[in-house]
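**Student:** Enclosed is the structure file run_17.cif (mmCIF, C-alpha atoms and all ligand atoms).
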data_entry
loop_
_atom_site.label_atom_id
_atom_site.label_comp_id
_atom_site.auth_asym_id
_atom_site.auth_seq_id
_atom_site.Cartn_x
_atom_site.Cartn_y
_atom_site.Cartn_z
CA MET X 24 -12.53 21.62 -3.21
CA THR X 25 -11.21 24.59 -1.26
CA ILE X 26 -7.47 24.84 -0.81
CA ASP X 27 -5.89 25.90 2.47
CA PRO X 28 -2.56 27.27 1.19
CA ALA X 29 -1.12 27.82 4.66
CA LEU X 30 -1.64 24.17 5.56
CA HIS X 31 0.30 22.97 2.54
CA ALA X 32 2.98 25.63 3.06
CA ALA X 33 3.48 24.30 6.59
CA ARG X 34 3.86 20.77 5.22
CA ARG X 35 6.39 21.95 2.63
CA ALA X 36 8.34 23.72 5.37
CA ARG X 37 8.72 20.39 7.16
CA VAL X 38 9.88 18.76 3.94
CA PHE X 39 12.41 21.56 3.34
CA GLU X 40 13.73 21.05 6.87
CA ALA X 41 14.12 17.34 6.26
CA LEU X 42 15.87 17.93 2.91
CA GLU X 43 18.27 20.40 4.50
CA ALA X 44 19.03 17.92 7.28
CA ARG X 45 20.04 15.49 4.51
CA GLY X 46 22.36 17.84 2.66
CA GLY X 47 19.74 19.60 0.54
CA GLY X 48 18.85 19.02 -3.08
CA VAL X 49 15.83 19.19 -5.29
CA MET X 50 12.64 17.17 -4.86
CA LEU X 51 10.62 16.59 -8.01
CA VAL X 52 7.06 15.29 -7.62
CA PRO X 53 4.94 14.91 -10.76
CA ALA X 54 1.21 15.55 -10.66
CA ALA X 55 -0.96 12.69 -11.88
CA ASP X 56 -1.89 12.79 -15.53
CA GLU X 57 -5.16 11.95 -17.21
CA LYS X 58 -5.33 8.40 -18.56
CA LEU X 59 -7.26 7.39 -21.63
CA ARG X 60 -9.85 4.70 -21.15
CA ASN X 61 -10.75 4.45 -24.81
CA ALA X 62 -10.85 6.84 -27.79
CA ASP X 63 -10.84 10.34 -26.25
CA ASN X 64 -12.60 9.26 -23.06
CA GLU X 65 -10.57 9.41 -19.84
CA TYR X 66 -10.68 7.53 -16.55
CA VAL X 67 -11.90 9.62 -13.64
CA PHE X 68 -8.95 11.76 -12.60
CA ARG X 69 -7.36 11.19 -9.20
CA GLN X 70 -4.48 13.41 -8.12
CA ASP X 71 -1.20 11.88 -7.01
CA SER X 72 -1.34 11.67 -3.21
CA ASP X 73 2.15 13.08 -2.55
CA PHE X 74 1.55 15.99 -4.92
CA TYR X 75 -1.81 16.68 -3.30
CA TRP X 76 -0.43 16.52 0.24
CA LEU X 77 2.17 19.12 -0.67
CA THR X 78 -0.05 21.50 -2.65
CA GLY X 79 -3.79 20.85 -2.27
CA PHE X 80 -3.88 21.24 -6.05
CA ASP X 81 -6.21 18.90 -7.90
CA GLU X 82 -5.41 19.48 -11.58
CA PRO X 83 -3.62 17.04 -13.85
CA GLN X 84 -0.20 17.44 -15.48
CA GLY X 85 2.98 19.20 -14.51
CA CYS X 86 5.01 18.81 -11.36
CA LEU X 87 6.32 20.55 -8.31
CA LEU X 88 9.90 21.18 -7.32
CA LEU X 89 11.12 21.82 -3.82
CA SER X 90 14.60 23.19 -4.07
CA ALA X 91 16.66 23.38 -0.88
CA ARG X 92 20.08 24.62 -1.91
CA ALA X 93 22.65 26.80 -0.18
CA GLY X 94 20.17 27.91 2.45
CA GLU X 95 17.59 28.96 -0.13
CA ARG X 96 14.17 27.31 -0.34
CA ARG X 97 12.09 27.54 -3.49
CA PHE X 98 8.70 26.05 -4.30
CA VAL X 99 8.25 25.85 -8.07
CA LEU X 100 5.21 24.64 -9.97
CA PHE X 101 4.73 23.64 -13.59
CA VAL X 102 1.00 23.79 -14.41
CA ARG X 103 -1.38 23.86 -17.32
CA PRO X 104 -1.86 27.45 -18.51
CA ARG X 105 -5.22 29.17 -18.69
CA ASP X 106 -6.84 28.38 -22.07
CA LYS X 107 -10.25 29.77 -22.92
CA GLU X 108 -11.10 27.12 -25.50
CA LYS X 109 -9.93 24.15 -23.42
CA GLU X 110 -11.62 25.48 -20.29
CA ILE X 111 -14.97 25.61 -22.15
CA TRP X 112 -14.61 21.92 -22.95
CA ASN X 113 -12.85 20.51 -19.92
CA GLY X 114 -13.24 22.86 -16.99
CA ARG X 115 -11.49 25.72 -15.27
CA ARG X 116 -7.78 25.90 -14.72
CA LEU X 117 -5.87 27.76 -12.06
CA GLY X 118 -3.15 28.66 -14.53
CA VAL X 119 0.36 29.97 -14.02
CA GLU X 120 -0.80 33.12 -12.24
CA GLY X 121 -3.04 31.10 -9.92
CA ALA X 122 -0.15 28.84 -9.04
CA THR X 123 1.68 31.73 -7.44
CA ALA X 124 -1.34 33.68 -6.17
CA VAL X 125 -3.39 30.76 -4.78
CA LEU X 126 -0.92 27.94 -4.25
CA LEU X 127 1.84 30.28 -3.04
CA ALA X 128 4.49 28.99 -5.44
CA ASP X 129 7.63 31.13 -5.43
CA GLU X 130 7.76 30.59 -9.16
CA ALA X 131 5.38 28.99 -11.66
CA HIS X 132 5.69 28.00 -15.30
CA ASP X 133 3.63 26.66 -18.12
CA VAL X 134 3.93 22.88 -18.24
CA SER X 135 5.10 23.17 -21.85
CA ALA X 136 8.35 24.75 -20.55
CA LEU X 137 9.21 21.69 -18.46
CA GLN X 138 11.84 20.17 -20.68
CA GLU X 139 13.60 23.44 -21.27
CA LYS X 140 13.62 24.59 -17.64
CA LEU X 141 14.04 21.45 -15.55
CA ALA X 142 17.75 21.00 -16.27
CA GLY X 143 18.46 24.42 -14.79
CA PHE X 144 16.85 23.42 -11.50
CA LEU X 145 18.69 20.12 -11.27
CA ASP X 146 22.09 21.40 -12.37
CA GLY X 147 24.54 21.06 -9.48
CA ALA X 148 21.97 19.78 -6.94
CA ALA X 149 23.56 17.41 -4.43
CA THR X 150 20.61 15.03 -4.61
CA LEU X 151 17.60 14.63 -6.85
CA TRP X 152 14.65 13.35 -4.86
CA PHE X 153 12.57 11.60 -7.49
CA LYS X 154 10.59 8.37 -7.51
CA LEU X 155 11.98 6.21 -10.31
CA GLY X 156 9.85 3.41 -11.70
CA ALA X 157 6.43 4.97 -11.10
CA ASP X 158 5.86 6.41 -14.56
CA ALA X 159 7.81 5.48 -17.69
CA ALA X 160 7.44 8.88 -19.38
CA TRP X 161 8.73 10.69 -16.28
CA ASP X 162 11.60 8.20 -15.89
CA GLU X 163 12.64 8.87 -19.46
CA ARG X 164 12.40 12.63 -19.01
CA VAL X 165 14.54 12.55 -15.88
CA LEU X 166 17.12 10.20 -17.39
CA ARG X 167 17.42 12.48 -20.43
CA LEU X 168 18.01 15.42 -18.10
CA LEU X 169 20.73 13.56 -16.24
CA VAL X 170 22.44 12.66 -19.53
CA GLU X 171 22.17 16.26 -20.66
CA LEU X 172 23.76 17.53 -17.43
CA ARG X 173 26.57 14.97 -17.56
CA ALA X 174 27.30 15.93 -21.14
CA GLY X 175 27.66 19.54 -20.04
CA VAL X 176 30.43 18.85 -17.54
CA ARG X 177 33.03 20.85 -19.51
CA THR X 178 30.77 23.89 -19.48
CA GLY X 179 30.41 23.66 -15.72
CA ARG X 180 27.17 21.72 -15.51
CA ARG X 181 26.85 18.89 -13.03
CA ALA X 182 24.30 16.11 -12.64
CA PRO X 183 22.94 15.42 -9.11
CA GLY X 184 25.20 13.04 -7.18
CA ALA X 185 22.33 10.75 -6.24
CA VAL X 186 18.72 10.00 -7.06
CA VAL X 187 16.82 9.18 -3.87
CA GLU X 188 13.23 8.13 -3.12
CA PRO X 189 11.24 11.20 -2.04
CA GLY X 190 9.08 8.85 0.00
CA ARG X 191 11.95 8.57 2.50
CA VAL X 192 11.03 12.08 3.53
CA LEU X 193 7.42 12.53 2.41
CA HIS X 194 6.05 9.22 3.58
CA GLU X 195 7.56 9.53 7.03
CA LEU X 196 5.66 12.80 7.36
CA ARG X 197 2.44 11.47 5.80
CA LEU X 198 2.46 8.57 8.24
CA VAL X 199 1.58 10.86 11.16
CA LYS X 200 -1.64 12.68 10.36
CA ASP X 201 -2.19 16.35 11.16
CA GLN X 202 -5.49 17.77 12.43
CA ALA X 203 -6.69 18.71 8.94
CA GLU X 204 -6.11 15.15 7.75
CA LEU X 205 -7.91 13.69 10.74
CA GLY X 206 -10.84 16.01 10.02
CA LEU X 207 -11.09 14.66 6.48
CA LEU X 208 -10.72 11.07 7.65
CA ARG X 209 -13.55 11.61 10.12
CA LYS X 210 -15.74 12.92 7.29
CA ALA X 211 -14.84 9.86 5.21
CA VAL X 212 -15.77 7.70 8.21
CA ASP X 213 -19.14 9.46 8.55
CA LEU X 214 -20.12 8.67 4.97
CA THR X 215 -18.83 5.17 5.39
CA ALA X 216 -20.94 4.63 8.51
CA GLU X 217 -24.04 5.67 6.63
CA ALA X 218 -23.08 3.40 3.71
CA HIS X 219 -22.65 0.31 5.92
CA LEU X 220 -25.97 0.93 7.65
CA ALA X 221 -27.60 1.25 4.20
CA ALA X 222 -25.98 -2.03 3.12
CA MET X 223 -27.27 -3.86 6.20
CA ARG X 224 -30.76 -2.47 5.68
CA ASP X 225 -30.77 -3.13 1.96
CA GLY X 226 -29.03 -6.51 2.01
CA TRP X 227 -32.08 -8.75 2.19
CA ALA X 228 -32.67 -12.00 0.32
CA GLY X 229 -33.33 -11.45 -3.36
CA ARG X 230 -31.14 -8.37 -3.70
CA HIS X 231 -28.17 -8.52 -6.04
CA GLU X 232 -24.70 -7.65 -4.80
CA TYR X 233 -24.60 -4.75 -7.25
CA GLN X 234 -27.79 -3.32 -5.77
CA VAL X 235 -26.25 -3.28 -2.31
CA GLN X 236 -23.14 -1.71 -3.86
CA SER X 237 -25.28 1.05 -5.38
CA GLU X 238 -26.77 1.88 -1.95
CA ILE X 239 -23.27 2.10 -0.51
CA GLU X 240 -21.87 4.30 -3.25
CA TYR X 241 -24.97 6.50 -3.22
CA ALA X 242 -24.32 7.16 0.45
CA PHE X 243 -20.71 8.13 -0.32
CA ARG X 244 -21.56 10.58 -3.07
CA ARG X 245 -24.76 11.97 -1.60
CA ARG X 246 -22.88 13.55 1.29
CA GLY X 247 -20.10 15.09 -0.74
CA GLY X 248 -17.64 12.24 -0.94
CA SER X 249 -15.90 11.65 -4.25
CA GLY X 250 -16.96 7.99 -4.25
CA PRO X 251 -15.35 4.80 -3.03
CA GLY X 252 -11.69 5.03 -1.98
CA TYR X 253 -11.14 1.52 -3.39
CA GLY X 254 -13.22 -1.06 -5.22
CA THR X 255 -16.32 -1.81 -3.15
CA ILE X 256 -16.62 -5.43 -2.05
CA VAL X 257 -20.10 -6.86 -1.58
CA ALA X 258 -19.69 -10.61 -1.32
CA THR X 259 -22.56 -12.87 -0.46
CA GLY X 260 -22.45 -16.58 0.37
CA ALA X 261 -19.24 -18.31 -0.70
CA ASN X 262 -18.08 -15.10 -2.42
CA SER X 263 -17.34 -13.88 1.11
CA THR X 264 -14.34 -16.25 1.19
CA ILE X 265 -12.73 -14.59 -1.87
CA LEU X 266 -10.51 -11.87 -0.43
CA HIS X 267 -10.45 -9.51 -3.42
CA TYR X 268 -13.96 -10.20 -4.70
CA ARG X 269 -15.78 -7.12 -6.01
CA ALA X 270 -19.54 -6.57 -5.99
CA GLY X 271 -20.90 -8.85 -8.68
CA ASP X 272 -24.33 -10.02 -9.72
CA ALA X 273 -24.86 -12.84 -7.21
CA VAL X 274 -28.19 -12.86 -5.41
CA LEU X 275 -28.26 -12.62 -1.61
CA ALA X 276 -30.04 -15.54 0.01
CA ASP X 277 -31.34 -16.29 3.49
CA GLY X 278 -28.78 -18.35 5.36
CA ASP X 279 -25.89 -16.51 3.69
CA VAL X 280 -23.54 -14.04 5.26
CA CYS X 281 -22.84 -10.89 3.26
CA LEU X 282 -19.36 -9.37 3.61
CA VAL X 283 -19.13 -5.69 2.77
CA ASP X 284 -15.70 -4.03 2.57
CA ALA X 285 -16.35 -0.44 1.56
CA GLY X 286 -14.86 2.94 2.34
CA GLY X 287 -15.87 6.37 1.14
CA GLU X 288 -13.33 8.94 0.02
CA TYR X 289 -13.69 12.54 1.18
CA GLY X 290 -11.22 15.26 0.25
CA LEU X 291 -9.01 12.44 -1.10
CA TYR X 292 -8.87 10.64 2.28
CA THR X 293 -10.47 7.24 2.52
CA ALA X 294 -12.01 5.08 5.21
CA ASP X 295 -11.62 1.27 4.97
CA VAL X 296 -14.29 -0.67 6.82
CA THR X 297 -15.59 -4.23 6.67
CA ARG X 298 -18.74 -5.59 8.23
CA THR X 299 -20.24 -9.03 7.77
CA PHE X 300 -23.96 -9.36 8.37
CA PRO X 301 -26.55 -12.15 8.08
CA VAL X 302 -28.78 -11.75 5.01
CA SER X 303 -31.81 -13.12 6.88
CA GLY X 304 -31.18 -10.74 9.77
CA THR X 305 -30.01 -13.58 12.05
CA PHE X 306 -26.83 -15.66 11.89
CA THR X 307 -27.16 -19.45 12.06
CA ARG X 308 -25.63 -20.87 15.25
CA PRO X 309 -22.40 -22.06 13.58
CA GLN X 310 -22.06 -18.71 11.77
CA ALA X 311 -22.62 -16.84 15.04
CA GLU X 312 -19.91 -18.94 16.70
CA LEU X 313 -17.39 -18.17 13.96
CA TYR X 314 -18.42 -14.50 13.93
CA SER X 315 -18.12 -14.20 17.71
CA LEU X 316 -14.60 -15.61 17.62
CA CYS X 317 -13.55 -13.10 14.96
CA LEU X 318 -15.22 -10.24 16.82
CA ALA X 319 -13.69 -11.07 20.20
CA VAL X 320 -10.21 -11.22 18.69
CA GLN X 321 -10.81 -8.05 16.64
CA LYS X 322 -11.82 -6.13 19.77
CA ARG X 323 -8.74 -7.35 21.62
CA ALA X 324 -6.56 -6.25 18.70
CA VAL X 325 -8.15 -2.79 18.69
CA GLU X 326 -7.55 -2.56 22.45
CA ALA X 327 -3.88 -3.34 21.86
CA VAL X 328 -3.38 -0.20 19.74
CA ARG X 329 -1.34 2.31 21.71
CA PRO X 330 1.96 4.16 21.40
CA GLY X 331 4.84 1.69 21.46
CA ALA X 332 2.77 -1.27 20.26
CA THR X 333 3.66 -2.66 16.81
CA ILE X 334 1.69 -3.93 13.85
CA ASP X 335 3.60 -7.22 14.03
CA GLY X 336 2.78 -7.54 17.73
CA ILE X 337 -0.91 -6.88 17.06
CA HIS X 338 -0.88 -9.38 14.20
CA ASP X 339 0.74 -12.01 16.43
CA LEU X 340 -1.87 -11.62 19.14
CA THR X 341 -4.59 -11.77 16.47
CA VAL X 342 -3.18 -14.99 15.02
CA ARG X 343 -2.91 -16.45 18.51
CA GLY X 344 -6.48 -15.54 19.43
CA LEU X 345 -7.94 -16.87 16.19
CA THR X 346 -5.91 -20.07 16.37
CA GLU X 347 -6.99 -20.76 19.95
CA GLY X 348 -10.60 -20.20 18.95
CA LEU X 349 -10.33 -22.39 15.85
CA ILE X 350 -8.99 -25.21 18.03
CA ALA X 351 -11.80 -24.68 20.56
CA MET X 352 -14.32 -24.90 17.71
CA GLY X 353 -12.72 -28.10 16.39
CA LEU X 354 -11.70 -26.52 13.09
CA LEU X 355 -8.05 -27.13 13.97
CA SER X 356 -6.52 -29.70 16.31
CA GLY X 357 -3.45 -29.79 18.53
CA THR X 358 -2.09 -26.85 20.47
CA PRO X 359 -2.00 -23.17 19.47
CA GLU X 360 1.81 -23.28 19.48
CA GLU X 361 1.82 -26.20 17.02
CA ARG X 362 -0.74 -24.69 14.68
CA ILE X 363 0.98 -21.30 14.72
CA ALA X 364 4.38 -22.92 14.13
CA ASP X 365 3.20 -24.96 11.13
CA LYS X 366 1.04 -22.07 9.92
CA ALA X 367 -2.06 -24.27 9.76
CA PHE X 368 -4.15 -21.25 10.82
CA ARG X 369 -3.59 -19.90 7.30
CA ARG X 370 -6.24 -22.29 6.07
CA PHE X 371 -8.71 -19.86 7.66
CA TYR X 372 -6.74 -16.61 8.09
CA MET X 373 -4.35 -15.86 5.27
CA HIS X 374 -3.86 -12.08 5.33
CA ARG X 375 -2.28 -9.53 7.62
CA THR X 376 -4.19 -7.68 10.34
CA SER X 377 -3.29 -4.06 9.66
CA HIS X 378 -2.12 -1.47 7.19
CA TRP X 379 -1.69 2.30 7.34
CA LEU X 380 -4.64 4.39 6.18
CA GLY X 381 -4.88 7.95 4.86
CA LEU X 382 -4.84 9.47 1.39
CA ASP X 383 -4.31 5.95 0.06
CA VAL X 384 -6.25 2.98 1.33
CA HIS X 385 -2.97 1.11 1.76
CA ASP X 386 -1.25 4.25 2.85
CA VAL X 387 2.44 5.06 2.67
CA GLY X 388 5.06 4.67 5.37
CA ASP X 389 7.60 2.02 6.28
CA TYR X 390 6.31 -0.87 8.37
CA GLN X 391 9.78 -1.75 9.64
CA VAL X 392 12.48 0.42 11.11
CA GLU X 393 15.95 -0.98 11.68
CA GLY X 394 14.73 -4.45 10.89
CA ALA X 395 11.90 -4.49 13.42
CA SER X 396 8.19 -3.70 13.30
CA ARG X 397 7.81 0.03 13.81
CA PRO X 398 6.47 1.25 17.18
CA LEU X 399 3.18 3.13 16.85
CA VAL X 400 3.12 6.83 17.69
CA PRO X 401 0.18 9.23 18.16
CA GLY X 402 -1.29 10.45 14.87
CA MET X 403 -0.83 7.20 12.96
CA VAL X 404 -4.00 5.62 11.57
CA LEU X 405 -4.16 1.90 10.91
CA THR X 406 -6.78 -0.71 10.18
CA ILE X 407 -7.53 -3.70 12.39
CA GLU X 408 -9.09 -6.33 10.17
CA PRO X 409 -8.97 -9.97 11.19
CA GLY X 410 -11.02 -12.43 9.20
CA LEU X 411 -11.96 -16.11 9.13
CA TYR X 412 -12.68 -17.75 5.81
CA VAL X 413 -13.89 -21.33 5.40
CA ALA X 414 -13.48 -22.37 1.77
CA ALA X 415 -16.57 -23.73 0.04
CA ASP X 416 -14.65 -26.91 -0.84
CA ASP X 417 -13.08 -27.44 2.60
CA GLU X 418 -14.43 -30.93 3.18
CA GLN X 419 -12.80 -31.20 6.57
CA ALA X 420 -14.84 -28.26 7.85
CA PRO X 421 -18.44 -28.68 9.06
CA ALA X 422 -20.86 -28.33 6.15
CA ALA X 423 -22.66 -25.48 7.91
CA LEU X 424 -19.51 -23.35 7.78
CA ARG X 425 -18.32 -24.12 4.25
CA GLY X 426 -18.38 -21.00 2.11
CA VAL X 427 -18.62 -18.67 5.10
CA GLY X 428 -16.20 -15.73 5.17
CA ILE X 429 -16.11 -13.17 7.96
CA ARG X 430 -14.01 -10.04 8.23
CA ILE X 431 -14.41 -7.19 10.70
CA GLU X 432 -12.38 -4.07 9.95
CA ASP X 433 -12.10 -0.81 11.86
CA ASP X 434 -9.95 2.29 11.36
CA VAL X 435 -8.01 3.19 14.47
CA LEU X 436 -6.16 6.39 15.38
CA VAL X 437 -3.20 6.10 17.74
CA THR X 438 -3.49 8.73 20.49
CA ALA X 439 -1.20 9.71 23.37
CA GLU X 440 -3.55 7.85 25.75
CA GLY X 441 -3.93 4.76 23.58
CA HIS X 442 -6.25 4.87 20.62
CA GLN X 443 -9.53 6.06 19.23
CA ASN X 444 -11.56 3.69 17.08
CA LEU X 445 -12.76 6.06 14.38
CA THR X 446 -15.30 3.57 13.06
CA GLN X 447 -16.66 2.48 16.42
CA ALA X 448 -20.17 3.74 15.55
CA ILE X 449 -20.62 1.22 12.73
CA PRO X 450 -22.44 -1.75 14.32
CA LYS X 451 -20.45 -4.95 14.68
CA GLU X 452 -21.95 -6.61 17.77
CA ILE X 453 -24.36 -9.34 16.66
CA GLY X 454 -27.32 -7.76 18.49
CA ASP X 455 -26.58 -4.31 17.10
CA MET X 456 -26.38 -5.62 13.53
CA GLU X 457 -29.56 -7.64 13.96
CA ALA X 458 -31.31 -4.46 15.06
CA VAL X 459 -30.34 -2.85 11.75
CA CYS X 460 -30.93 -5.91 9.54
CA VAL X 461 -34.68 -5.87 10.18
CA ARG X 462 -36.35 -8.03 7.52
N1 LIG A 501 -10.21 -2.90 1.41
C1 LIG A 501 -8.86 -3.24 1.31
C2 LIG A 501 -8.35 -3.70 2.59
O1 LIG A 501 -9.09 -3.97 3.50
O2 LIG A 501 -7.17 -3.74 2.80
MN MN A 502 -7.99 -2.73 4.93
MN MN A 503 -11.03 -3.16 3.67
#
When written as structure tokens, how does the structure in this file appear?

**Tutor:**
Amino acid sequence: MTIDPALHAARRARVFEALEARGGGVMLVPAADEKLRNADNEYVFRQDSDFYWLTGFDEPQGCLLLSARAGERRFVLFVRPRDKEKEIWNGRRLGVEGATAVLLADEAHDVSALQEKLAGFLDGAATLWFKLGADAAWDERVLRLLVELRAGVRTGRRAPGAVVEPGRVLHELRLVKDQAELGLLRKAVDLTAEAHLAAMRDGWAGRHEYQVQSEIEYAFRRRGGSGPGYGTIVATGANSTILHYRAGDAVLADGDVCLVDAGGEYGLYTADVTRTFPVSGTFTRPQAELYSLCLAVQKRAVEAVRPGATIDGIHDLTVRGLTEGLIAMGLLSGTPEERIADKAFRRFYMHRTSHWLGLDVHDVGDYQVEGASRPLVPGMVLTIEPGLYVAADDEQAPAALRGVGIRIEDDVLVTAEGHQNLTQAIPKEIGDMEAVCVR
């Protein structure tokens, strides 16, 4: 992947500004490390999202430091050194020289010097910005450093006065996407659109869920994506009512709905899209009624996305719309107010409507500010994903709907004018899906 050093330098400048506004200090962000799967075989490496956002650097091990002290800003990297033998086996490394020349670090060191050098950077810093509790080895390293600095008090050393979550600064910034990020998200959406069309075309009776999954993931990788941004869900029949089901080996059958929740990752940014299509190419009448309710409410929720709106507000209107529809269909009785108050709607809709989206599928950023749902601002990206799930053993529901799960999920950018539905092109109207699901 190509690195745009100026882009990451501009992001670091904003972080430095925020650190200085909070009295300065040192931010320490570890890179992700490789994780053994078994023997000497590792899981596929995925860089830590904060580290990547700040550097564009996609190699494991080491860390970055952003030091904002006494008006001086320093960007320091600890990286794996060049190593001819290791690079033959495991791939190229940027090395210490590359960290300054390519990544524009003011100073770079071999990762093996971490323990010896870190204390010097932290000594006397007002605040250490470090995420405790994310990695036991890093926690231990940092705690040892703090103990070492405290023990040196008589020789003039001083431990930071506070350890604060770096996310307070980083995640506020990551929440509002810049143009480069939106470009990558749009690429992720393009692959995802192709993948969902492939799933609809390929999802005919007799196919296994894993075969549909392979079509989806082929579409992600074929066009330069790194693969799925989260575990691909292909859920046919009653599996569609299991929220965290993954593609298994069930066989698609006429009369079933097939729920596909799949998003491709491109440049470490992921889309997150769900479509639910009829395996036969045509929904049964009861399925179409349930689907139409979910779709109408989903479209209203997307329309509600604009600056100043809130995720809680959008969720509330979604719950209201679904509950009214469930009563109209006879799946619930009484009034919407009663069924919302006693939470009876949760029998059919048990999750939230939205989450932030970006480098992480459930992206970072506070959902509440000052005790209230946070107003949306341009540049935020969120999902809108209502669903209706009728359990297979729900004997009070009509037999024709038992084991039918529907979710419709789009990725929506907040703009100054309102919103842009990034995943609008992926068919979700019944007629449009039927035109793709030709059997
Ligand atoms: N695919 C995970 C989600 O929709 O939140
Ligand atoms: Mn989602
Ligand atoms: Mn999803």

**Student:** Need the shell around region 292-302 of chain X: protein/DNA/RNA residues with any atom at most 7 Å away, counting all atoms listed in the file. Skip same-chain ones fewer than 4 positions apart. Format as a compact mmCIF listing (two decimals) with C-alpha atoms, in the frame of the given file?

**Tutor:**
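Dumped to around02.txt:
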# COMPACT_ATOMS: atom_id res chain seq x y z
CA LEU X 207 -11.09 14.66 6.48
CA LEU X 208 -10.72 11.07 7.65
CA ALA X 211 -14.84 9.86 5.21
CA VAL X 212 -15.77 7.70 8.21
CA THR X 215 -18.83 5.17 5.39
CA MET X 223 -27.27 -3.86 6.20
CA GLY X 226 -29.03 -6.51 2.01
CA TRP X 227 -32.08 -8.75 2.19
CA ALA X 228 -32.67 -12.00 0.32
CA GLY X 252 -11.69 5.03 -1.98
CA LEU X 275 -28.26 -12.62 -1.61
CA ALA X 276 -30.04 -15.54 0.01
CA ASP X 277 -31.34 -16.29 3.49
CA GLY X 278 -28.78 -18.35 5.36
CA ASP X 279 -25.89 -16.51 3.69
CA VAL X 280 -23.54 -14.04 5.26
CA CYS X 281 -22.84 -10.89 3.26
CA LEU X 282 -19.36 -9.37 3.61
CA VAL X 283 -19.13 -5.69 2.77
CA ASP X 284 -15.70 -4.03 2.57
CA ALA X 285 -16.35 -0.44 1.56
CA GLY X 286 -14.86 2.94 2.34
CA GLY X 287 -15.87 6.37 1.14
CA GLU X 288 -13.33 8.94 0.02
CA PHE X 306 -26.83 -15.66 11.89
CA GLY X 381 -4.88 7.95 4.86
CA LEU X 382 -4.84 9.47 1.39
CA ASP X 383 -4.31 5.95 0.06
CA VAL X 384 -6.25 2.98 1.33
CA ILE X 429 -16.11 -13.17 7.96
CA ARG X 430 -14.01 -10.04 8.23
CA ILE X 431 -14.41 -7.19 10.70
CA GLU X 432 -12.38 -4.07 9.95
CA ASP X 433 -12.10 -0.81 11.86
CA ASP X 434 -9.95 2.29 11.36
CA LYS X 451 -20.45 -4.95 14.68
CA MET X 456 -26.38 -5.62 13.53

**Student:** Between X:Leu193, X:Val387, X:Ala131, X:Val67, which one has atoms that come closest to Val38 (chain X), using only C-alpha atoms?

**Tutor:**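 Looking at the shortest contact to Val38 (chain X), the residue is X:Leu193.
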
**Student:** For region 92-196 of chain X versus region 41-46 of chain X, which residues have an atom no more than 12 Å away, and what is each residue's nearest atom pair and distance in Å rounded to one decimal, using all atoms listed in the file, chain-then-number order, as CSV?

**Tutor:**
residue,atom,partner,partner_atom,distance
X:Arg92,CA,X:Glu43,CA,7.9
X:Ala93,CA,X:Glu43,CA,9.1
X:Gly94,CA,X:Glu43,CA,8.0
X:Glu95,CA,X:Glu43,CA,9.8
X:Arg96,CA,X:Glu43,CA,9.4
X:Ala148,CA,X:Gly46,CA,9.8
X:Ala149,CA,X:Gly46,CA,7.2
X:Thr150,CA,X:Gly46,CA,8.0
X:Leu151,CA,X:Leu42,CA,10.4
X:Trp152,CA,X:Leu42,CA,9.1
X:Gly184,CA,X:Gly46,CA,11.3
X:Ala185,CA,X:Gly46,CA,11.4
X:Val187,CA,X:Arg45,CA,11.0
X:Glu188,CA,X:Leu42,CA,11.8
X:Pro189,CA,X:Leu42,CA,9.6
X:Gly190,CA,X:Ala41,CA,11.7
X:Arg191,CA,X:Ala41,CA,9.8
X:Val192,CA,X:Ala41,CA,6.7
X:Leu193,CA,X:Ala41,CA,9.1
X:His194,CA,X:Ala41,CA,11.8
X:Glu195,CA,X:Ala41,CA,10.2
X:Leu196,CA,X:Ala41,CA,9.7

**Student:** Convert the current residue selection to file output with C-alpha atoms, as a compact mmCIF listing (two decimals), keeping the file's coordinate frame.

**Tutor:**
# COMPACT_ATOMS: atom_id res chain seq x y z
CA ARG X 92 20.08 24.62 -1.91
CA ALA X 93 22.65 26.80 -0.18
CA GLY X 94 20.17 27.91 2.45
CA GLU X 95 17.59 28.96 -0.13
CA ARG X 96 14.17 27.31 -0.34
CA ALA X 148 21.97 19.78 -6.94
CA ALA X 149 23.56 17.41 -4.43
CA THR X 150 20.61 15.03 -4.61
CA LEU X 151 17.60 14.63 -6.85
CA TRP X 152 14.65 13.35 -4.86
CA GLY X 184 25.20 13.04 -7.18
CA ALA X 185 22.33 10.75 -6.24
CA VAL X 187 16.82 9.18 -3.87
CA GLU X 188 13.23 8.13 -3.12
CA PRO X 189 11.24 11.20 -2.04
CA GLY X 190 9.08 8.85 0.00
CA ARG X 191 11.95 8.57 2.50
CA VAL X 192 11.03 12.08 3.53
CA LEU X 193 7.42 12.53 2.41
CA HIS X 194 6.05 9.22 3.58
CA GLU X 195 7.56 9.53 7.03
CA LEU X 196 5.66 12.80 7.36

**Student:** With all atoms listed in the file as the basis for distance, which of X:Pro28, X:Gly250, X:Gly47, X:Gly428 is at the shortest distance from Tyr372 (chain X)?

**Tutor:**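 Of X:Pro28, X:Gly250, X:Gly47, X:Gly428, the one nearest Tyr372 (chain X) is X:Gly428, counting all atoms listed in the file.
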
**Student:** Which residue is closest to Gly147 (chain X)? Choose from X:Ala55, X:Leu198, X:Val49, X:Leu345 and count all atoms listed in the file.

**Tutor:**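 Looking at the shortest contact to Gly147 (chain X), the residue is X:Val49.
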
**Student:** Residues within 12 Å of (-1.6, 8.4, 26.4), file coordinates, counting only C-alpha atoms: what are they? Give the list as a ChimeraX atom specification.

**Tutor:** /X:328-331,399-402,437-443
